[in-house]
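Note sheet for the following structure.
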2 protein chains.
Amino acid sequence: MQTITYPSRETWDELLRRPAFETERLFEKVRKIIDRVRTEGDRAVLEYGALFDKAQLDSLLVSEEEIQEADKKVGIDLKAAIYLAQRNIAAFHASQRTEVRKVETIEGVTCWQKAVAIEKVGLYVPGGTAPLFSTVLMLAVPAKIAGCKEIVLCTPPDKEGKIHPAILFAARVAGVSKIFKAGGVQAIAAMAYGTESVPKVYKIFGPGNQYVTAAKQLVSLRDVAIDMPAGPSEVEVLADETADPVFVAADLLSQAEHGADSQSVLITTSATLLDKVVYELERQLSYLPRRAYIEQSLAHSKLILAESMEVALEMTNAYAPEHLIIQTRDYALWGEKVVNAGSVFLGPLSPESAGDYASGTNHTLPTNGYAKAYSGVNLDSFVRKITFQEIGPEGIQGIGPAIEVMAANEQLDAHKNAVTVRLNKVRKS
Amino acid sequence: MQTITYPSRETWDELLRRPAFETERLFEKVRKIIDRVRTEGDRAVLEYGALFDKAQLDSLLVSEEEIQEADKKVGIDLKAAIYLAQRNIAAFHASQRTEVRKVETIEGVTCWQKAVAIEKVGLYVPGGTAPLFSTVLMLAVPAKIAGCKEIVLCTPPDKEGKIHPAILFAARVAGVSKIFKAGGVQAIAAMAYGTESVPKVYKIFGPGNQYVTAAKQLVSLRDVAIDMPAGPSEVEVLADETADPVFVAADLLSQAEHGADSQSVLITTSATLLDKVVYELERQLSYLPRRAYIEQSLAHSKLILAESMEVALEMTNAYAPEHLIIQTRDYALWGEKVVNAGSVFLGPLSPESAGDYASGTNHTLPTNGYAKAYSGVNLDSFVRKITFQEIGPEGIQGIGPAIEVMAANEQLDAHKNAVTVRLNKVRKS
């Protein structure tokens, strides 16, 4: 853990730099797997599954029996929690629906946008030691709310060829159409190109390791859209002397447990708070099971003392954190001034964990400074806005002559002609 | 021109396939240029400009004098047309603003989304024989409406080192901050990484040839967002026996003049109309200056006769055209059923040219079937939706226990702890 006091502006770039996360060097390796899946379909997916996940499978598709069996294995507490999270996520994403607003830009010219769901989407949920059923909810619930017809989910099985019951339960609750036992590059390729059992989708969502990220990037160059580029997770806590050091430390630690490359940053105007947070980090760390991970991550995390809230906020916008927790006096006012962040948590009782699981906001967010250009996953991620226009006789007479002039100046005479033939007819009648 | 009657469903994929457009094979060449610009800055941009655009420049930035000079050179008709287009584009894109809607997902948990403009955007406008000032308007007007602070425009100069006055005029009208005389890969690289004179931006927009597209794709893998992948332009006209063959032919031709690789498709339920369109295409072609281009493009264009409007519409959604013009009885009803398209033009008096220039909708649209997953450029393209949440004592008590259960099941105990420390404090008080 590094403590930095009043860093000068020239050092900010260096100070706020993320751990490097290169995927391009993996492209060659990853492309080979993609190409095999593209040409050989299920057979290649099954073979790579046997190789990487050590799972011998007869079929990729999770059966109805497996889903029903899973339902029996999930405890009542977890079921209730998943239902509560699903309800809140659904409520928040449903509120993002937009109504069709017809605009007469000029008399006789009516234009509008209509949000139409992407018909087929693919969701990827990584494997590993813990079942990431929360990610299932964060991707599938908005897809369902948006109206996507086919919601395909791929996730790697364990060595026994099973998917964790909580994942199957969450997928069922969220409305996933089909679940496949496939992970890694081969899962991304299967959804991008389709196989005998996995349907081809138009957009792929979800987190993953560097191989999965590289595969998503490669297929996105031509064949299928992806949610966003991915990097290690990160949190910034922006705090002043009114913040509770216990909460601040807990928030920094919760980010740090994601993995050795995730990043926790504190920017504060209070030296006293900073000292207390250092103490609290040690204290809380002592009773956390993922201590080993957390210590690695804390090693490159930063506690920064800033001259003023204005400077702290400027530094925050320069960093563009995935998660930003503001625990200050007047946190609502400072929140208004945030320009670059994925998701903002306001006040002492709004931990990142709330957004990670159950408040309703999405936890798939832009990392690595991408918040400067990208939104997190939201309802928009699952729709296209198609534009429509209808032009009447007044309309074509109103804008037609301008179009003729512009098209002629761009030397596009057939464009001009398409208007001229209409003006001729309208003027005659 | 191919005429196809009642094609069977199995042949649709092949029939509706786009001309191939591979950019990956250009990556190595393009990467070299990008790397040089990244390390050498202005010097490399100037050198590549001398090499590719044959322009010897002292400075990349267009001066205030040049902009004022351009103002004198643009005719009054064209100025009026540009103002009209700018006003309509502004009106339509302003109507896409969304209000902040606070949602209490559960008592004491308030979540909302706020659209915040991307601070720095880069617009690319290709060179060539004609000045594409309409593209300047289509990119810069929404950027300005969105509230982007820095709007950078790059476009290649002619051999005399000049930018066409109509481009400079449109850029001024639309609110571009800085205009640079840079084209091709070097322009994309300059905006992606910044040089001594060109500011680094967070997202790059605009059309271009295969090199520009490859450059945009390469920089988007890590460093900067892009609007969407690009391919050759295309139109589909969906028509029945009520359509005017003069209009239909004019619309097909206006698309065809974009270049040899652009595609025009007619899908109709009327054999009579189809015959008349063939005749009209020949007749109108005879008086169009870009005849050579158009004939090349028409060579791989298709006129398809469908059994019914239902089948025609299904084929349309399978094709996912960039532009879709519906000239049928009940065109509004059929328009409602469109699922995959970039922009839809309804009725006899709504030519694609209208949306290309002046009706208000954007002309930067998803080609190559990307309409299945991507929207065209719209106000959303220039903003991020940042999520916010504020949780009060009731809220954390309402969702806290569910978060604790979920985090424990995902083996993320520090996530759980961040809630537990808060519940402990709230319950005590």
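As shown in the structure tokens, the chain order sets the letters A, B, ...; within each chain, residues go from 1, and ligands are also counted from 1 in the order they appear.
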Quiz item: If you run DSSP on this backbone, which residues of stretch 134-349 of chain A come out as alpha helix (DSSP H), and could you give them as a VMD selection string?
Solution: chain A and resid 134 to 146 165 to 174 184 to 193 210 to 220 245 to 256 271 to 285 291 to 299 309 to 319 331 to 336
Exercise. Show which residues sit within 6 Å of stretch 321-327 of chain B, as a PyMOL selection string. Count only C-alpha atoms, and ignore same-chain residues fewer than 6 positions away.
Key: chain B and resi 234-239+243+341-348+366-367
Practice problem: Could the residues of chain A within 6 Å of chain B, counting only C-alpha atoms, be given as number ranges by chain, please? | Solution: A: 81, 88, 105, 118, 130-131, 202, 250-251, 254, 342-346, 349-350, 353, 373-375, 384-391, 402, 410-411, 414-415, 418
Practice problem: May I ask for the distance between atom CA of A:Val152 and atom CA of A:Gly183, given in Å to one decimal place? | Solution: 13.0 Å
Practice problem: Once DSSP has gone over the backbone, tell me which residues of stretch 193-425 of chain A are in strand (DSSP E), as JSON, numbers by chain. | Solution: {"A": [203, 204, 205, 225, 226, 234, 235, 236, 237, 238, 239, 263, 264, 265, 266, 267, 268, 302, 303, 304, 305, 323, 324, 325, 326, 327, 343, 344, 345, 346, 383, 384, 385, 386, 387, 388, 389, 390, 391]}
Generate the output file for the selected residues, C-alpha atoms, as a tab-separated table (two decimals), in the first residue's frame.
chain	number	residue	atom	x	y	z
A	203	LYS	CA	-23.97	-9.58	-29.17
A	204	ILE	CA	-21.89	-11.16	-26.40
A	205	PHE	CA	-21.78	-9.89	-22.81
A	225	ALA	CA	-20.88	-7.00	-31.05
A	226	ILE	CA	-19.56	-7.10	-27.48
A	234	GLU	CA	-11.33	-1.20	-9.30
A	235	VAL	CA	-12.83	1.10	-6.68
A	236	GLU	CA	-12.10	4.62	-5.57
A	237	VAL	CA	-13.31	5.93	-2.25
A	238	LEU	CA	-13.48	9.72	-2.09
A	239	ALA	CA	-13.69	10.74	1.55
A	263	GLN	CA	-7.12	-1.86	-7.55
A	264	SER	CA	-8.36	0.10	-4.53
A	265	VAL	CA	-7.74	3.82	-4.32
A	266	LEU	CA	-8.56	6.22	-1.50
A	267	ILE	CA	-8.49	9.93	-2.20
A	268	THR	CA	-9.08	11.97	0.91
A	302	LYS	CA	-2.99	3.84	-3.22
A	303	LEU	CA	-4.02	6.09	-0.38
A	304	ILE	CA	-3.78	9.65	-1.60
A	305	LEU	CA	-4.02	12.82	0.46
A	323	HIS	CA	-16.77	2.27	-8.91
A	324	LEU	CA	-16.71	5.55	-7.01
A	325	ILE	CA	-17.85	5.72	-3.40
A	326	ILE	CA	-18.28	9.26	-2.04
A	327	GLN	CA	-18.28	9.51	1.74
A	343	SER	CA	-21.16	3.81	-11.03
A	344	VAL	CA	-21.29	6.24	-8.11
A	345	PHE	CA	-22.22	5.28	-4.53
A	346	LEU	CA	-23.36	8.24	-2.47
A	383	VAL	CA	-31.49	-2.67	-27.76
A	384	ARG	CA	-30.83	-0.78	-30.95
A	385	LYS	CA	-32.38	2.65	-31.50
A	386	ILE	CA	-33.76	2.47	-35.03
A	387	THR	CA	-34.61	5.83	-36.59
A	388	PHE	CA	-37.76	6.32	-38.64
A	389	GLN	CA	-38.94	9.19	-40.79
A	390	GLU	CA	-42.07	10.00	-42.72
A	391	ILE	CA	-42.11	12.93	-45.08
Quiz prompt | Given only C-alpha atoms as the counted atoms, nearest of B:Ile188, B:Ala146, B:Leu153, B:Leu168 to B:Glu66 | solution = B:Leu168
Practice problem: Would you kindly return, as a VMD selection string, each protein, DNA or RNA residue with an atom no farther than 8 Å from any atom of A:Leu139, considering only C-alpha atoms and excluding same-chain residues fewer than 3 positions away? | Solution: chain A and resid 123 135 to 136 142 to 143 205 to 206 377
Those residues with all heavy atoms, as a PDB file, in the first residue's frame please?
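Result file is out11.pdb:
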ATOM      1  N   LEU A 123     -24.568 -14.587 -23.174  1.00  0.00           N
ATOM      2  CA  LEU A 123     -24.021 -14.134 -21.897  1.00  0.00           C
ATOM      3  C   LEU A 123     -22.934 -15.109 -21.471  1.00  0.00           C
ATOM      4  O   LEU A 123     -23.120 -16.332 -21.542  1.00  0.00           O
ATOM      5  CB  LEU A 123     -25.128 -14.103 -20.836  1.00  0.00           C
ATOM      6  CG  LEU A 123     -26.474 -13.501 -21.281  1.00  0.00           C
ATOM      7  CD1 LEU A 123     -27.465 -13.528 -20.127  1.00  0.00           C
ATOM      8  CD2 LEU A 123     -26.291 -12.077 -21.805  1.00  0.00           C
ATOM      9  N   THR A 135     -23.653 -12.309 -11.565  1.00  0.00           N
ATOM     10  CA  THR A 135     -23.410 -11.889 -12.952  1.00  0.00           C
ATOM     11  C   THR A 135     -24.503 -12.418 -13.882  1.00  0.00           C
ATOM     12  O   THR A 135     -24.900 -11.745 -14.830  1.00  0.00           O
ATOM     13  CB  THR A 135     -22.005 -12.358 -13.401  1.00  0.00           C
ATOM     14  OG1 THR A 135     -21.038 -11.750 -12.544  1.00  0.00           O
ATOM     15  CG2 THR A 135     -21.710 -11.958 -14.837  1.00  0.00           C
ATOM     16  N   VAL A 136     -25.000 -13.602 -13.596  1.00  0.00           N
ATOM     17  CA  VAL A 136     -26.133 -14.124 -14.366  1.00  0.00           C
ATOM     18  C   VAL A 136     -27.298 -13.137 -14.288  1.00  0.00           C
ATOM     19  O   VAL A 136     -27.885 -12.752 -15.300  1.00  0.00           O
ATOM     20  CB  VAL A 136     -26.580 -15.508 -13.829  1.00  0.00           C
ATOM     21  CG1 VAL A 136     -27.811 -15.991 -14.578  1.00  0.00           C
ATOM     22  CG2 VAL A 136     -25.446 -16.522 -13.919  1.00  0.00           C
ATOM     23  N   PRO A 142     -31.677  -7.633 -17.433  1.00  0.00           N
ATOM     24  CA  PRO A 142     -31.897  -6.556 -18.415  1.00  0.00           C
ATOM     25  C   PRO A 142     -32.208  -7.085 -19.817  1.00  0.00           C
ATOM     26  O   PRO A 142     -33.003  -6.481 -20.535  1.00  0.00           O
ATOM     27  CB  PRO A 142     -30.564  -5.799 -18.429  1.00  0.00           C
ATOM     28  CG  PRO A 142     -29.855  -6.188 -17.194  1.00  0.00           C
ATOM     29  CD  PRO A 142     -30.354  -7.533 -16.800  1.00  0.00           C
ATOM     30  N   ALA A 143     -31.593  -8.199 -20.201  1.00  0.00           N
ATOM     31  CA  ALA A 143     -31.868  -8.770 -21.529  1.00  0.00           C
ATOM     32  C   ALA A 143     -33.347  -9.132 -21.641  1.00  0.00           C
ATOM     33  O   ALA A 143     -33.991  -8.887 -22.662  1.00  0.00           O
ATOM     34  CB  ALA A 143     -30.994  -9.999 -21.773  1.00  0.00           C
ATOM     35  N   PHE A 205     -21.984 -10.656 -24.051  1.00  0.00           N
ATOM     36  CA  PHE A 205     -21.781  -9.893 -22.815  1.00  0.00           C
ATOM     37  C   PHE A 205     -21.040 -10.751 -21.800  1.00  0.00           C
ATOM     38  O   PHE A 205     -21.160 -11.973 -21.819  1.00  0.00           O
ATOM     39  CB  PHE A 205     -23.132  -9.536 -22.187  1.00  0.00           C
ATOM     40  CG  PHE A 205     -23.994  -8.622 -23.005  1.00  0.00           C
ATOM     41  CD1 PHE A 205     -24.720  -9.116 -24.077  1.00  0.00           C
ATOM     42  CD2 PHE A 205     -24.083  -7.271 -22.711  1.00  0.00           C
ATOM     43  CE1 PHE A 205     -25.524  -8.284 -24.843  1.00  0.00           C
ATOM     44  CE2 PHE A 205     -24.888  -6.432 -23.467  1.00  0.00           C
ATOM     45  CZ  PHE A 205     -25.605  -6.937 -24.536  1.00  0.00           C
ATOM     46  N   GLY A 206     -20.371 -10.069 -20.880  1.00  0.00           N
ATOM     47  CA  GLY A 206     -19.897 -10.773 -19.711  1.00  0.00           C
ATOM     48  C   GLY A 206     -18.407 -10.707 -19.483  1.00  0.00           C
ATOM     49  O   GLY A 206     -17.637 -10.476 -20.409  1.00  0.00           O
ATOM     50  N   VAL A 377     -23.099  -1.696 -18.502  1.00  0.00           N
ATOM     51  CA  VAL A 377     -24.224  -2.393 -19.112  1.00  0.00           C
ATOM     52  C   VAL A 377     -25.515  -1.813 -18.545  1.00  0.00           C
ATOM     53  O   VAL A 377     -25.642  -1.606 -17.332  1.00  0.00           O
ATOM     54  CB  VAL A 377     -24.128  -3.916 -18.840  1.00  0.00           C
ATOM     55  CG1 VAL A 377     -25.450  -4.608 -19.129  1.00  0.00           C
ATOM     56  CG2 VAL A 377     -23.018  -4.529 -19.693  1.00  0.00           C
TER      57      VAL A 377
END
Quiz item: How many Å lie between atom CA of A:Gln86 and atom CA of A:Ala187, rounded to one decimal?
Solution: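 Interatomic distance, atom CA of A:Gln86 to atom CA of A:Ala187: 25.2 Å.
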Practice problem: Using only C-alpha atoms, determine which residues lie at most 7 Å from B:Met1, disregarding the query and same-chain residues fewer than 4 positions distant; provide the list as a ChimeraX atom specification. | Solution: /B:298-302
Please, could you write that set of residues out with all heavy atoms as a short mmCIF file (atom, residue, chain, number, x, y, z; two decimals), in the first residue's frame?
data_model
loop_
_atom_site.label_atom_id
_atom_site.label_comp_id
_atom_site.auth_asym_id
_atom_site.auth_seq_id
_atom_site.Cartn_x
_atom_site.Cartn_y
_atom_site.Cartn_z
N LEU B 298 -24.31 -1.65 -59.42
CA LEU B 298 -25.54 -2.36 -59.80
C LEU B 298 -25.26 -3.81 -60.17
O LEU B 298 -26.12 -4.68 -60.02
CB LEU B 298 -26.23 -1.65 -60.97
CG LEU B 298 -26.97 -0.34 -60.66
CD1 LEU B 298 -27.68 0.19 -61.91
CD2 LEU B 298 -27.99 -0.51 -59.53
N ALA B 299 -24.02 -4.08 -60.63
CA ALA B 299 -23.68 -5.43 -61.06
C ALA B 299 -23.92 -6.46 -59.96
O ALA B 299 -24.32 -7.59 -60.22
CB ALA B 299 -22.22 -5.48 -61.52
N HIS B 300 -23.67 -6.07 -58.71
CA HIS B 300 -23.93 -7.03 -57.63
C HIS B 300 -25.15 -6.64 -56.78
O HIS B 300 -25.29 -7.04 -55.63
CB HIS B 300 -22.69 -7.25 -56.75
CG HIS B 300 -22.04 -5.99 -56.28
ND1 HIS B 300 -22.52 -5.27 -55.25
CD2 HIS B 300 -20.96 -5.32 -56.74
CE1 HIS B 300 -21.76 -4.21 -55.06
NE2 HIS B 300 -20.81 -4.22 -55.96
N SER B 301 -26.01 -5.83 -57.36
CA SER B 301 -27.25 -5.49 -56.66
C SER B 301 -28.34 -6.47 -57.06
O SER B 301 -28.21 -7.17 -58.05
CB SER B 301 -27.65 -4.05 -57.01
OG SER B 301 -26.75 -3.16 -56.40
N LYS B 302 -29.39 -6.52 -56.24
CA LYS B 302 -30.39 -7.55 -56.44
C LYS B 302 -31.81 -7.01 -56.49
O LYS B 302 -32.17 -6.15 -55.68
CB LYS B 302 -30.29 -8.58 -55.31
CG LYS B 302 -29.28 -9.64 -55.61
CD LYS B 302 -28.35 -9.89 -54.46
CE LYS B 302 -27.17 -10.73 -54.91
NZ LYS B 302 -26.07 -10.68 -53.96
#
Practice problem: Find the residues near stretch 42-56 of chain B: any atom within 8 Å, counting only C-alpha atoms, skip ones fewer than 3 places away on the same chain, and give them as an MDAnalysis selection string. | Solution: chainID B and resid 36:37 60 156:161 182:183 186:187 190 195:198
Restricting it to N, CA and C atoms, dump the selection as a PDB file, in the first residue's frame.
ATOM      1  N   ARG B  36       4.240   4.745 -35.316  1.00  0.00           N
ATOM      2  CA  ARG B  36       5.112   5.899 -35.580  1.00  0.00           C
ATOM      3  C   ARG B  36       4.460   7.193 -35.092  1.00  0.00           C
ATOM      4  N   VAL B  37       3.173   7.341 -35.361  1.00  0.00           N
ATOM      5  CA  VAL B  37       2.487   8.559 -34.902  1.00  0.00           C
ATOM      6  C   VAL B  37       2.492   8.621 -33.378  1.00  0.00           C
ATOM      7  N   LEU B  60      -0.526  21.507 -38.804  1.00  0.00           N
ATOM      8  CA  LEU B  60      -1.712  20.670 -39.001  1.00  0.00           C
ATOM      9  C   LEU B  60      -2.999  21.448 -38.726  1.00  0.00           C
ATOM     10  N   PRO B 156      -8.374  15.086 -44.502  1.00  0.00           N
ATOM     11  CA  PRO B 156      -7.155  15.291 -45.294  1.00  0.00           C
ATOM     12  C   PRO B 156      -7.253  16.530 -46.185  1.00  0.00           C
ATOM     13  N   PRO B 157      -6.141  17.249 -46.353  1.00  0.00           N
ATOM     14  CA  PRO B 157      -6.133  18.416 -47.229  1.00  0.00           C
ATOM     15  C   PRO B 157      -5.921  17.980 -48.682  1.00  0.00           C
ATOM     16  N   ASP B 158      -6.163  18.906 -49.598  1.00  0.00           N
ATOM     17  CA  ASP B 158      -5.822  18.615 -50.997  1.00  0.00           C
ATOM     18  C   ASP B 158      -4.324  18.846 -51.196  1.00  0.00           C
ATOM     19  N   LYS B 159      -3.864  18.724 -52.463  1.00  0.00           N
ATOM     20  CA  LYS B 159      -2.426  18.822 -52.719  1.00  0.00           C
ATOM     21  C   LYS B 159      -1.863  20.195 -52.392  1.00  0.00           C
ATOM     22  N   GLU B 160      -2.743  21.197 -52.410  1.00  0.00           N
ATOM     23  CA  GLU B 160      -2.292  22.550 -52.050  1.00  0.00           C
ATOM     24  C   GLU B 160      -2.332  22.770 -50.535  1.00  0.00           C
ATOM     25  N   GLY B 161      -2.692  21.728 -49.800  1.00  0.00           N
ATOM     26  CA  GLY B 161      -2.736  21.860 -48.355  1.00  0.00           C
ATOM     27  C   GLY B 161      -3.978  22.575 -47.842  1.00  0.00           C
ATOM     28  N   ALA B 182      -5.380  16.431 -41.476  1.00  0.00           N
ATOM     29  CA  ALA B 182      -4.768  15.110 -41.347  1.00  0.00           C
ATOM     30  C   ALA B 182      -5.780  14.091 -41.810  1.00  0.00           C
ATOM     31  N   GLY B 183      -5.310  13.112 -42.551  1.00  0.00           N
ATOM     32  CA  GLY B 183      -6.214  12.097 -43.071  1.00  0.00           C
ATOM     33  C   GLY B 183      -5.687  10.704 -42.795  1.00  0.00           C
ATOM     34  N   GLN B 186      -2.976   8.028 -40.099  1.00  0.00           N
ATOM     35  CA  GLN B 186      -2.244   8.970 -39.242  1.00  0.00           C
ATOM     36  C   GLN B 186      -3.195   9.898 -38.470  1.00  0.00           C
ATOM     37  N   ALA B 187      -4.345  10.224 -39.068  1.00  0.00           N
ATOM     38  CA  ALA B 187      -5.317  11.067 -38.367  1.00  0.00           C
ATOM     39  C   ALA B 187      -5.946  10.311 -37.201  1.00  0.00           C
ATOM     40  N   ALA B 190      -3.401  10.016 -34.472  1.00  0.00           N
ATOM     41  CA  ALA B 190      -3.182  11.304 -33.795  1.00  0.00           C
ATOM     42  C   ALA B 190      -4.278  11.561 -32.768  1.00  0.00           C
ATOM     43  N   THR B 195      -0.950  14.298 -30.209  1.00  0.00           N
ATOM     44  CA  THR B 195       0.383  14.706 -30.674  1.00  0.00           C
ATOM     45  C   THR B 195       0.609  16.105 -30.099  1.00  0.00           C
ATOM     46  N   GLU B 196       1.693  16.757 -30.511  1.00  0.00           N
ATOM     47  CA  GLU B 196       1.937  18.115 -30.023  1.00  0.00           C
ATOM     48  C   GLU B 196       0.752  19.032 -30.347  1.00  0.00           C
ATOM     49  N   SER B 197       0.145  18.863 -31.521  1.00  0.00           N
ATOM     50  CA  SER B 197      -0.960  19.770 -31.861  1.00  0.00           C
ATOM     51  C   SER B 197      -2.356  19.131 -31.775  1.00  0.00           C
ATOM     52  N   VAL B 198      -2.472  17.843 -32.034  1.00  0.00           N
ATOM     53  CA  VAL B 198      -3.797  17.199 -32.002  1.00  0.00           C
ATOM     54  C   VAL B 198      -4.075  16.651 -30.594  1.00  0.00           C
TER      55      VAL B 198
END
Quiz item: What is the distance between atom CA of B:Gln296 and atom CA of B:Ala271, in Å to one decimal?
Solution: 24.4 Å
Practice problem: Write out as a list in words which residues come within 8 Å of A:Val176 when counting only C-alpha atoms, dropping same-chain ones fewer than 4 positions away. | Solution: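 Near A:Val176, the qualifying residues are Ala140, Lys144, Glu150, Ile151, Val152, Leu153, Ala171 and Arg172 of chain A.
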